[in-house]
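**Student:** Following this message is one structure expressed as C-alpha cells.
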Amino acid sequence: MYLPRAFEESDLVALDRLVERDNFITLITMRDGAPDISHLPVLYQRQGTRIELSGHWARANPQSRHDGHALAIIHGPQAYISPSWYPDKEDAARVPTWNYAIAHLGGELHTFDDEAALGALVGDLTRQHEARAGSDWAYEHGRAELRSQLRGITGFRMAITAVQLKFKLNQNHPIGNRQSVAAHLAQQPGQSSHDVAMLMRERLPGTIQGDRDGPEP
C-alpha cells in the first residue's frame, strides 16, 4: 500500500476501532499467479501485538483450499473532500481529494473443518451480529439440522505478521484546512462522512491523538 509518512498510523487501538466499526473484510490470496478474493465477516482478537482473525468460507469457494500467506483489508470510513472547503483554496490552487482510513493485515492462513471448532466459530459470529441486530437468535450446536450445515463451510484462522494502517485525513494541510474540512464533513449526510470528521478532529493539535502524533509535517 502506498503509505506517505504523514498518513501512517502506528497505534493498534486505531485498528481495534476500525474492526469494531466494521468487521466485514476483503481477503486476498494468490492461486496460479492470479488473486482469489473473498468478502466476509471475521472475529478479531488482539493481545498486545498478537493479532488473529478467524472466519469461514463456503466449502465450494476455491479460496477455502488455501493455506499460507494472505492479505486482509479492513475498510474504515471514507469521504469525498471538496476543494471549496479549504480556506486557502484559491491561494494554494486546491483540488478534490478523498479522505479515508484503512488497514492492510498480512499473515498466514490455516484452514480447519473440525465440527466442534466450526460450531464454536459460527456461534461466536452469530452472537456478535445478532446482538447488533437486536435479535436473540442463536446457533444451537445440539440441533442436528443446524449442525449438519457445518459440512458446507471451511473455517480459517489467520495469524497476523504485518500491519499497515493508513489514515489519510489532510494531515499534510494547514490546521485551518483540517478544521474546516472536519466541520463540513460533520454536516454531510451519511455516517461515513461523520466518522471521517471524528477521526480528523481526534488528530488535531490540542487533542490527545494530535499531541501523540506530534507537530504537523
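By convention in this document, the chains of the C-alpha cells carry letters A, B, ... by their order, each chain's residues are numbered from 1, and ligands are numbered from 1 in the order they are shown.
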I'd like the contact shell of Ala159 of chain A - 9 Å cut-off, only C-alpha atoms, skipping same-chain residues fewer than 3 positions apart - returned as a list in words.

**Tutor:**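 Residues meeting the cut-off are Arg50, Ile51, Glu52, Leu53, Ser54, Gly106, Gly107, Glu108, Leu109 and His110 of chain A.
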
**Student:** Within 12 Å of Ile153 of chain A, counting only C-alpha atoms, which residues qualify if same-chain residues fewer than 3 places away don't, as a list in words?

**Tutor:**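 Here the answer would be Gly55, His56, Trp57, Ala58, Arg59, Ala60, Asn61, Pro62, Gln63, Ser64, Arg65, Thr111, Phe112, Asp113, Asp114, Glu115, Ala117, Leu118, Gly119, Leu121, Val122, Arg147, Ser148, Gln149, Leu150 and Phe156 of chain A.
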
**Student:** Write out as a short mmCIF file (atom, residue, chain, number, x, y, z; two decimals) with C-alpha atoms, in the first residue's frame the set of residues from segment 6-168 of chain A that DSSP, computed on the backbone, places in strand (DSSP E or B).

**Tutor:**
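Produced file selection-v8.cif, reproduced below:
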```
data_model
loop_
_atom_site.label_atom_id
_atom_site.label_comp_id
_atom_site.auth_asym_id
_atom_site.auth_seq_id
_atom_site.Cartn_x
_atom_site.Cartn_y
_atom_site.Cartn_z
CA GLU A 8 0.87 6.41 8.69
CA GLU A 9 -0.79 5.28 11.94
CA PHE A 24 -16.57 -7.31 7.07
CA ILE A 25 -13.17 -7.70 5.38
CA THR A 26 -11.67 -8.29 1.95
CA LEU A 27 -9.43 -11.37 1.99
CA ILE A 28 -6.88 -11.83 -0.81
CA THR A 29 -4.77 -14.89 -1.63
CA MET A 30 -2.88 -15.98 -4.74
CA ARG A 31 -3.55 -19.08 -6.84
CA ALA A 34 -3.91 -14.72 -10.01
CA PRO A 35 -5.71 -13.37 -6.93
CA ASP A 36 -8.57 -15.11 -5.16
CA ILE A 37 -10.72 -12.58 -3.31
CA SER A 38 -13.47 -13.11 -0.75
CA HIS A 39 -15.57 -10.67 1.26
CA LEU A 40 -16.61 -11.96 4.65
CA PRO A 41 -17.11 -11.20 8.35
CA LEU A 43 -13.75 -12.43 14.50
CA TYR A 44 -10.85 -10.27 15.67
CA GLN A 45 -8.60 -10.94 18.65
CA ARG A 46 -5.62 -8.88 19.81
CA GLN A 47 -3.37 -9.35 22.81
CA ARG A 50 -0.50 -10.57 18.64
CA ILE A 51 -3.47 -10.41 16.29
CA GLU A 52 -5.66 -13.21 14.91
CA LEU A 53 -8.59 -13.16 12.51
CA SER A 54 -10.95 -16.11 12.15
CA GLY A 55 -13.86 -16.79 9.84
CA HIS A 56 -15.18 -19.21 7.26
CA TRP A 57 -15.90 -19.63 3.57
CA ALA A 58 -18.44 -21.70 1.69
CA GLY A 68 -0.41 -19.89 3.50
CA HIS A 69 0.12 -16.19 3.04
CA ALA A 70 -2.89 -13.87 2.74
CA LEU A 71 -3.82 -10.21 2.92
CA ALA A 72 -6.85 -8.95 4.85
CA ILE A 73 -8.16 -5.44 4.16
CA ILE A 74 -10.12 -3.70 6.90
CA HIS A 75 -12.28 -0.98 5.40
CA GLY A 76 -12.72 2.13 7.52
CA PRO A 77 -14.80 5.25 6.84
CA GLN A 78 -14.23 7.30 3.68
CA ALA A 79 -15.50 10.59 2.27
CA TYR A 80 -15.09 12.94 -0.70
CA ILE A 81 -13.37 16.24 0.09
CA THR A 97 -9.39 14.51 -2.84
CA TRP A 98 -10.68 11.63 -0.75
CA ASN A 99 -10.11 11.08 2.97
CA TYR A 100 -10.23 7.59 4.44
CA ALA A 101 -8.94 5.12 6.99
CA ILE A 102 -7.90 1.60 6.02
CA ALA A 103 -5.79 -1.29 7.32
CA HIS A 104 -3.84 -3.97 5.48
CA LEU A 105 -3.07 -7.06 7.56
CA GLY A 106 -0.67 -9.66 6.19
CA GLY A 107 -0.37 -13.10 7.71
CA GLU A 108 -0.62 -16.85 7.42
CA LEU A 109 -3.93 -18.66 6.86
CA HIS A 110 -4.63 -22.07 8.38
CA THR A 111 -7.86 -23.84 7.49
CA PHE A 112 -9.89 -26.23 9.62
CA ILE A 153 -18.23 -24.42 5.23
CA THR A 154 -14.47 -24.38 5.88
CA GLY A 155 -13.03 -22.34 8.71
CA PHE A 156 -9.78 -20.42 8.88
CA ARG A 157 -7.53 -18.72 11.37
CA MET A 158 -5.12 -16.03 10.22
CA ALA A 159 -2.13 -15.13 12.38
CA ILE A 160 -1.20 -11.54 11.51
CA THR A 161 2.50 -10.86 10.92
CA ALA A 162 2.38 -7.39 9.31
CA VAL A 163 0.13 -4.38 9.92
CA GLN A 164 -0.19 -1.24 7.79
CA LEU A 165 -2.58 1.47 8.96
CA LYS A 166 -3.31 4.40 6.65
CA PHE A 167 -5.35 7.33 7.95
CA LYS A 168 -5.44 9.89 5.12
#
```

**Student:** Env of segment 134-145 of chain A: 9 Å cut, atoms = only C-alpha atoms, seq-sep filter 5 positions within chain, self excluded. Answer as a PDB file with N, CA, C and O atoms, in the first residue's frame.

**Tutor:**
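Final file, around28.pdb:
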```
ATOM      1  N   ALA A 116     -16.600 -29.356  15.836  1.00  0.00           N
ATOM      2  CA  ALA A 116     -16.722 -28.609  17.089  1.00  0.00           C
ATOM      3  C   ALA A 116     -16.153 -27.200  16.936  1.00  0.00           C
ATOM      4  O   ALA A 116     -16.746 -26.218  17.412  1.00  0.00           O
ATOM      5  N   GLY A 119     -18.493 -25.139  14.824  1.00  0.00           N
ATOM      6  CA  GLY A 119     -19.671 -24.774  15.598  1.00  0.00           C
ATOM      7  C   GLY A 119     -19.384 -23.616  16.542  1.00  0.00           C
ATOM      8  O   GLY A 119     -20.199 -22.696  16.689  1.00  0.00           O
ATOM      9  N   ALA A 120     -18.212 -23.647  17.185  1.00  0.00           N
ATOM     10  CA  ALA A 120     -17.845 -22.555  18.093  1.00  0.00           C
ATOM     11  C   ALA A 120     -17.671 -21.245  17.329  1.00  0.00           C
ATOM     12  O   ALA A 120     -18.091 -20.178  17.792  1.00  0.00           O
ATOM     13  N   VAL A 122     -19.086 -20.354  14.365  1.00  0.00           N
ATOM     14  CA  VAL A 122     -20.406 -19.868  13.935  1.00  0.00           C
ATOM     15  C   VAL A 122     -21.176 -19.297  15.123  1.00  0.00           C
ATOM     16  O   VAL A 122     -21.829 -18.259  15.011  1.00  0.00           O
ATOM     17  N   GLY A 123     -21.070 -19.954  16.271  1.00  0.00           N
ATOM     18  CA  GLY A 123     -21.752 -19.454  17.456  1.00  0.00           C
ATOM     19  C   GLY A 123     -21.247 -18.083  17.871  1.00  0.00           C
ATOM     20  O   GLY A 123     -22.032 -17.191  18.202  1.00  0.00           O
ATOM     21  N   ASP A 124     -19.920 -17.899  17.838  1.00  0.00           N
ATOM     22  CA  ASP A 124     -19.344 -16.601  18.225  1.00  0.00           C
ATOM     23  C   ASP A 124     -19.726 -15.503  17.238  1.00  0.00           C
ATOM     24  O   ASP A 124     -20.078 -14.385  17.639  1.00  0.00           O
ATOM     25  N   THR A 126     -22.331 -15.461  15.305  1.00  0.00           N
ATOM     26  CA  THR A 126     -23.771 -15.245  15.430  1.00  0.00           C
ATOM     27  C   THR A 126     -24.090 -14.350  16.626  1.00  0.00           C
ATOM     28  O   THR A 126     -24.871 -13.408  16.512  1.00  0.00           O
ATOM     29  N   ARG A 127     -23.482 -14.646  17.774  1.00  0.00           N
ATOM     30  CA  ARG A 127     -23.746 -13.839  18.965  1.00  0.00           C
ATOM     31  C   ARG A 127     -23.370 -12.378  18.728  1.00  0.00           C
ATOM     32  O   ARG A 127     -24.101 -11.457  19.125  1.00  0.00           O
ATOM     33  N   HIS A 129     -23.215 -10.632  15.887  1.00  0.00           N
ATOM     34  CA  HIS A 129     -24.042  -9.900  14.935  1.00  0.00           C
ATOM     35  C   HIS A 129     -25.525  -9.903  15.298  1.00  0.00           C
ATOM     36  O   HIS A 129     -26.238  -8.950  14.970  1.00  0.00           O
TER      37      HIS A 129
END
```

**Student:** Please compute the atom CA of Pro205 of chain A-atom CA of Gly176 of chain A distance, one decimal, in Å.

**Tutor:**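 Those two atoms sit 11.3 Å apart.
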
**Student:** Here is a test: counting only C-alpha atoms, which residue of A:His184, A:Asp32, A:Gly190, A:Val42 is nearest to His66 of chain A?

**Tutor:**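 The answer is A:Asp32, which sits nearest to His66 of chain A.
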